[in-house]
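Content type PDB, C-alpha atoms, pLDDT in the B column, from the file protein-v4.pdb:
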```pdb
ATOM      1  CA  MET A   1      44.097   4.148 -19.896  1.00 60.00           C
ATOM      2  CA  LEU A   2      43.214   5.232 -23.432  1.00 63.00           C
ATOM      3  CA  ILE A   3      41.834   8.594 -24.456  1.00 71.00           C
ATOM      4  CA  ASP A   4      40.934   8.370 -28.097  1.00 68.00           C
ATOM      5  CA  GLY A   5      40.074  10.592 -30.975  1.00 76.00           C
ATOM      6  CA  HIS A   6      40.124  14.285 -30.068  1.00 89.00           C
ATOM      7  CA  GLU A   7      39.666  15.989 -33.465  1.00 93.00           C
ATOM      8  CA  ILE A   8      40.890  19.439 -34.450  1.00 93.00           C
ATOM      9  CA  GLU A   9      40.302  21.134 -37.787  1.00 93.00           C
ATOM     10  CA  SER A  10      42.887  23.437 -39.325  1.00 93.00           C
ATOM     11  CA  SER A  11      42.934  25.767 -42.300  1.00 91.00           C
ATOM     12  CA  LEU A  12      46.539  24.691 -42.946  1.00 92.00           C
ATOM     13  CA  ALA A  13      47.157  22.123 -45.660  1.00 92.00           C
ATOM     14  CA  ARG A  14      48.078  18.694 -44.276  1.00 94.00           C
ATOM     15  CA  GLU A  15      51.638  18.889 -45.628  1.00 94.00           C
ATOM     16  CA  ARG A  16      52.237  22.339 -44.102  1.00 93.00           C
ATOM     17  CA  LEU A  17      50.780  21.286 -40.759  1.00 94.00           C
ATOM     18  CA  TRP A  18      53.022  18.184 -40.801  1.00 95.00           C
ATOM     19  CA  ASP A  19      56.134  20.285 -41.470  1.00 94.00           C
ATOM     20  CA  GLU A  20      55.238  22.519 -38.524  1.00 93.00           C
ATOM     21  CA  LEU A  21      54.516  19.566 -36.196  1.00 93.00           C
ATOM     22  CA  VAL A  22      57.813  17.750 -36.747  1.00 93.00           C
ATOM     23  CA  SER A  23      59.980  20.845 -36.254  1.00 91.00           C
ATOM     24  CA  LEU A  24      61.798  20.590 -32.914  1.00 88.00           C
ATOM     25  CA  GLU A  25      61.686  24.371 -32.750  1.00 89.00           C
ATOM     26  CA  ASN A  26      57.861  24.173 -32.609  1.00 91.00           C
ATOM     27  CA  ILE A  27      57.407  21.161 -30.326  1.00 91.00           C
ATOM     28  CA  SER A  28      56.733  23.256 -27.221  1.00 91.00           C
ATOM     29  CA  GLU A  29      53.984  25.132 -29.088  1.00 93.00           C
ATOM     30  CA  TRP A  30      51.788  22.050 -29.592  1.00 93.00           C
ATOM     31  CA  SER A  31      52.866  19.510 -26.976  1.00 93.00           C
ATOM     32  CA  ALA A  32      53.730  19.212 -23.299  1.00 91.00           C
ATOM     33  CA  LEU A  33      57.414  18.905 -24.253  1.00 91.00           C
ATOM     34  CA  GLU A  34      59.991  21.658 -23.912  1.00 88.00           C
ATOM     35  CA  GLU A  35      63.734  22.006 -24.286  1.00 84.00           C
ATOM     36  CA  CYS A  36      64.200  18.843 -26.345  1.00 84.00           C
ATOM     37  CA  VAL A  37      67.879  18.154 -26.895  1.00 77.00           C
ATOM     38  CA  SER A  38      68.993  17.079 -30.352  1.00 70.00           C
ATOM     39  CA  THR A  39      72.366  17.367 -31.973  1.00 63.00           C
ATOM     40  CA  ASP A  40      71.549  15.881 -35.345  1.00 73.00           C
ATOM     41  CA  SER A  41      68.530  17.529 -36.878  1.00 81.00           C
ATOM     42  CA  PRO A  42      66.115  20.445 -36.458  1.00 85.00           C
ATOM     43  CA  VAL A  43      63.175  18.060 -37.025  1.00 88.00           C
ATOM     44  CA  LEU A  44      61.949  14.974 -35.204  1.00 89.00           C
ATOM     45  CA  ASP A  45      63.791  11.941 -36.486  1.00 86.00           C
ATOM     46  CA  PRO A  46      62.030   8.550 -36.549  1.00 86.00           C
ATOM     47  CA  ALA A  47      65.206   6.791 -35.399  1.00 81.00           C
ATOM     48  CA  SER A  48      65.987   9.110 -32.488  1.00 83.00           C
ATOM     49  CA  SER A  49      65.279   9.580 -28.810  1.00 86.00           C
ATOM     50  CA  TYR A  50      65.225  12.918 -27.026  1.00 89.00           C
ATOM     51  CA  VAL A  51      65.634  14.182 -23.496  1.00 89.00           C
ATOM     52  CA  CYS A  52      63.018  16.848 -22.846  1.00 89.00           C
ATOM     53  CA  LYS A  53      61.172  18.654 -20.110  1.00 88.00           C
ATOM     54  CA  HIS A  54      57.590  17.422 -19.859  1.00 88.00           C
ATOM     55  CA  HIS A  55      55.201  20.128 -18.728  1.00 83.00           C
ATOM     56  CA  ASN A  56      51.457  19.607 -18.341  1.00 69.00           C
ATOM     57  CA  GLY A  57      50.590  23.062 -17.139  1.00 58.00           C
ATOM     58  CA  LEU A  58      51.637  22.509 -13.529  1.00 56.00           C
ATOM     59  CA  HIS A  59      55.362  21.763 -13.408  1.00 67.00           C
ATOM     60  CA  GLY A  60      58.117  20.381 -15.569  1.00 74.00           C
ATOM     61  CA  VAL A  61      59.843  17.027 -15.133  1.00 82.00           C
ATOM     62  CA  ASP A  62      62.571  15.287 -17.104  1.00 85.00           C
ATOM     63  CA  ALA A  63      61.254  12.904 -19.735  1.00 89.00           C
ATOM     64  CA  THR A  64      62.662  10.575 -22.346  1.00 90.00           C
ATOM     65  CA  VAL A  65      60.899  10.734 -25.694  1.00 92.00           C
ATOM     66  CA  HIS A  66      61.053   8.129 -28.467  1.00 93.00           C
ATOM     67  CA  VAL A  67      59.522   8.542 -31.911  1.00 92.00           C
ATOM     68  CA  ALA A  68      57.245   5.469 -32.016  1.00 93.00           C
ATOM     69  CA  ASP A  69      55.601   6.039 -35.400  1.00 93.00           C
ATOM     70  CA  PHE A  70      56.571   8.402 -38.192  1.00 94.00           C
ATOM     71  CA  ARG A  71      54.643   8.195 -41.438  1.00 93.00           C
ATOM     72  CA  ALA A  72      55.448  11.445 -43.225  1.00 92.00           C
ATOM     73  CA  GLY A  73      52.418  13.667 -43.621  1.00 92.00           C
ATOM     74  CA  GLN A  74      50.128  11.115 -41.970  1.00 95.00           C
ATOM     75  CA  CYS A  75      51.042   9.971 -38.466  1.00 96.00           C
ATOM     76  CA  LEU A  76      53.360  10.987 -35.649  1.00 95.00           C
ATOM     77  CA  ALA A  77      53.471   8.999 -32.421  1.00 95.00           C
ATOM     78  CA  LEU A  78      55.689   9.880 -29.476  1.00 94.00           C
ATOM     79  CA  ARG A  79      56.341   7.577 -26.519  1.00 94.00           C
ATOM     80  CA  THR A  80      57.151   9.723 -23.493  1.00 92.00           C
ATOM     81  CA  GLU A  81      58.456   8.252 -20.251  1.00 90.00           C
ATOM     82  CA  THR A  82      57.691  10.483 -17.247  1.00 87.00           C
ATOM     83  CA  PRO A  83      57.791   9.779 -13.498  1.00 84.00           C
ATOM     84  CA  MET A  84      53.965   9.764 -13.345  1.00 82.00           C
ATOM     85  CA  ALA A  85      53.119   7.716 -16.448  1.00 85.00           C
ATOM     86  CA  ASP A  86      54.381   6.467 -19.779  1.00 91.00           C
ATOM     87  CA  LEU A  87      52.447   8.068 -22.619  1.00 92.00           C
ATOM     88  CA  LEU A  88      51.981   7.028 -26.225  1.00 95.00           C
ATOM     89  CA  GLU A  89      50.600  10.119 -27.949  1.00 95.00           C
ATOM     90  CA  THR A  90      49.483   9.769 -31.550  1.00 96.00           C
ATOM     91  CA  ILE A  91      48.583  12.488 -34.021  1.00 96.00           C
ATOM     92  CA  GLU A  92      47.047  11.481 -37.322  1.00 96.00           C
ATOM     93  CA  LEU A  93      46.607  14.009 -40.130  1.00 96.00           C
ATOM     94  CA  HIS A  94      43.966  13.918 -42.848  1.00 95.00           C
ATOM     95  CA  ASP A  95      42.961  16.201 -45.670  1.00 94.00           C
ATOM     96  CA  HIS A  96      39.738  18.007 -44.793  1.00 92.00           C
ATOM     97  CA  LEU A  97      37.852  20.459 -47.009  1.00 88.00           C
ATOM     98  CA  THR A  98      40.408  23.178 -47.854  1.00 87.00           C
ATOM     99  CA  GLY A  99      42.672  22.401 -44.901  1.00 91.00           C
ATOM    100  CA  SER A 100      43.305  19.430 -42.667  1.00 95.00           C
ATOM    101  CA  ARG A 101      42.044  17.582 -39.641  1.00 94.00           C
ATOM    102  CA  LEU A 102      44.211  16.095 -36.942  1.00 94.00           C
ATOM    103  CA  THR A 103      43.190  13.415 -34.500  1.00 95.00           C
ATOM    104  CA  TYR A 104      44.966  13.238 -31.138  1.00 95.00           C
ATOM    105  CA  SER A 105      44.942  10.091 -29.004  1.00 94.00           C
ATOM    106  CA  VAL A 106      46.904   9.107 -25.928  1.00 93.00           C
ATOM    107  CA  ASP A 107      47.444   5.748 -24.275  1.00 92.00           C
ATOM    108  CA  ALA A 108      48.901   5.918 -20.777  1.00 89.00           C
ATOM    109  CA  THR A 109      50.339   3.271 -18.502  1.00 86.00           C
ATOM    110  CA  SER A 110      51.462   3.738 -14.938  1.00 83.00           C
ATOM    111  CA  ALA A 111      52.471   1.574 -12.022  1.00 80.00           C
ATOM    112  CA  SER A 112      50.552   3.953  -9.771  1.00 75.00           C
ATOM    113  CA  PHE A 113      47.195   4.483 -11.492  1.00 68.00           C
ATOM    114  CA  GLY A 114      44.815   5.912  -8.973  1.00 78.00           C
ATOM    115  CA  PRO A 115      43.183   9.288  -8.410  1.00 83.00           C
ATOM    116  CA  ALA A 116      46.450  11.280  -8.644  1.00 80.00           C
ATOM    117  CA  ALA A 117      47.533   9.704 -11.932  1.00 80.00           C
ATOM    118  CA  THR A 118      44.025   9.984 -13.383  1.00 82.00           C
ATOM    119  CA  VAL A 119      43.848  13.703 -12.527  1.00 84.00           C
ATOM    120  CA  TRP A 120      47.365  14.220 -13.907  1.00 82.00           C
ATOM    121  CA  LEU A 121      46.449  12.485 -17.174  1.00 85.00           C
ATOM    122  CA  HIS A 122      43.220  14.476 -17.514  1.00 85.00           C
ATOM    123  CA  ARG A 123      45.130  17.753 -17.011  1.00 86.00           C
ATOM    124  CA  HIS A 124      47.747  16.604 -19.500  1.00 87.00           C
ATOM    125  CA  VAL A 125      45.181  15.815 -22.211  1.00 88.00           C
ATOM    126  CA  VAL A 126      43.321  19.108 -21.683  1.00 89.00           C
ATOM    127  CA  PHE A 127      46.626  21.003 -21.770  1.00 90.00           C
ATOM    128  CA  VAL A 128      47.844  19.319 -24.982  1.00 91.00           C
ATOM    129  CA  CYS A 129      44.467  19.574 -26.754  1.00 92.00           C
ATOM    130  CA  GLU A 130      44.321  23.313 -26.038  1.00 93.00           C
ATOM    131  CA  LYS A 131      47.871  23.769 -27.324  1.00 93.00           C
ATOM    132  CA  LEU A 132      47.218  21.632 -30.424  1.00 94.00           C
ATOM    133  CA  ASN A 133      44.077  23.611 -31.203  1.00 94.00           C
ATOM    134  CA  GLN A 134      45.926  26.929 -30.927  1.00 94.00           C
ATOM    135  CA  PHE A 135      48.860  25.575 -32.941  1.00 94.00           C
ATOM    136  CA  ALA A 136      46.722  24.145 -35.753  1.00 93.00           C
ATOM    137  CA  ASN A 137      44.723  27.362 -36.062  1.00 91.00           C
ATOM    138  CA  ARG A 138      47.395  30.024 -35.775  1.00 86.00           C
ATOM    139  CA  GLU A 139      48.244  32.394 -38.554  1.00 78.00           C
ATOM    140  CA  LEU A 140      51.503  31.626 -40.326  1.00 66.00           C
ATOM    141  CA  VAL A 141      53.489  34.313 -42.076  1.00 58.00           C
TER
END
```
Please render this file's structure as structure tokens.
Amino acid sequence: MLIDGHEIESSLARERLWDELVSLENISEWSALEECVSTDSPVLDPASSYVCKHHNGLHGVDATVHVADFRAGQCLALRTETPMADLLETIELHDHLTGSRLTYSVDATSASFGPAATVWLHRHVVFVCEKLNQFANRELV
């Protein structure tokens, strides 16, 4: 199941928004991931995997996260393995007017796609899009 192209505009410059997105400290502010464990770096590393809590607004479950694409300042894709579905979430950043625009897409696969998984995925996308919108449009000090 593919949900493609949710766009969010931000007043932050693309480079600044990128720096904020890849910070592990900030990951719970814009994604459904929390408590990501890393011993090497305070930022997402393209060669690393993480054990995180995945939370879509209802409850948290353990998840394994792999950085699937990492083009600095342009594209971040995370492959997240959860009990309900495997997600490939992609965020692409573009310059836009005086700020930036991000595009969020998610591709999900599941052995149990049916009404429960479809509802779960819909809630997940709504949850992440709301968080991304708030994150991209917050005031930074």
Q: Compare A:Val43, A:Ala68, A:Leu121, A:Val61 by their minimum atom-to-atom distance to A:Glu20, counting all atoms listed in the file, and give me the closest one.
A: A:Val43
Q) At what distance in Å, to one decimal, does atom CA of A:Leu87 lie from atom CA of A:Ser112? A) 13.6 Å
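We find atom CA of A:Leu88 and atom CA of A:Ser11 to be spaced 26.3 Å apart.
One distance worth recording is that between atom CA of A:His94 and atom CA of A:Arg71, which is 12.2 Å.
Taken over the whole file, the PyMOL selection byres ((chain A and resi 13) around 9) covers exactly Ser10, Ser11, Leu12, Arg14, Glu15, Arg16, Leu17, Trp18, Asp95, His96, Thr98, Gly99 and Ser100 of chain A.
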Q.
Give me, as a list in words, all polymer residues having an atom no more than 6 Å from stretch 32-35 of chain A, counting only C-alpha atoms and skipping those fewer than 2 positions away in the same chain.
A.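 Selected residues are Ser28, Cys52, Lys53, His54, His55 and Asn56 of chain A.
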Q.
Let me make sure I understand: among A:Ser48, A:Ser105, A:Thr118, A:Ser110, which one has the smallest atom-to-atom distance to A:Glu7 if we use all atoms listed in the file?
A.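 Looking at the shortest contact to A:Glu7, the residue is A:Ser105.
Residue membership of the PyMOL selection byres ((chain A and resi 64-66) around 8) in the shown file amounts to Ser48, Ser49, Tyr50, Val51, Cys52, Asp62, Ala63, Val67, Ala68, Leu78, Arg79, Thr80, Glu81 and Thr82 of chain A.
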**Q.** Selection near A:Val22, 9 Å with all atoms listed in the file, sequence-local residues under 5 positions removed, as a list in words
**A.**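 My reading of the contact set: Leu17, Ile27, Pro42, Val43, Leu44, Asp45 and Leu76 of chain A.
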**Q.** Contacts of stretch 128-136 of chain A at 6 Å (all atoms listed in the file; same-chain gap of 2+ positions) as an NGL selection string
**A.** :A and (10 or 30-31 or 125-126 or 138)
Q: Name the residues captured by the PyMOL selection byres ((chain A and resi 104) around 8) when it is applied to the shown file; answer as a PyMOL selection string.
A: chain A and resi 4-7+89-92+102-103+105-106+129
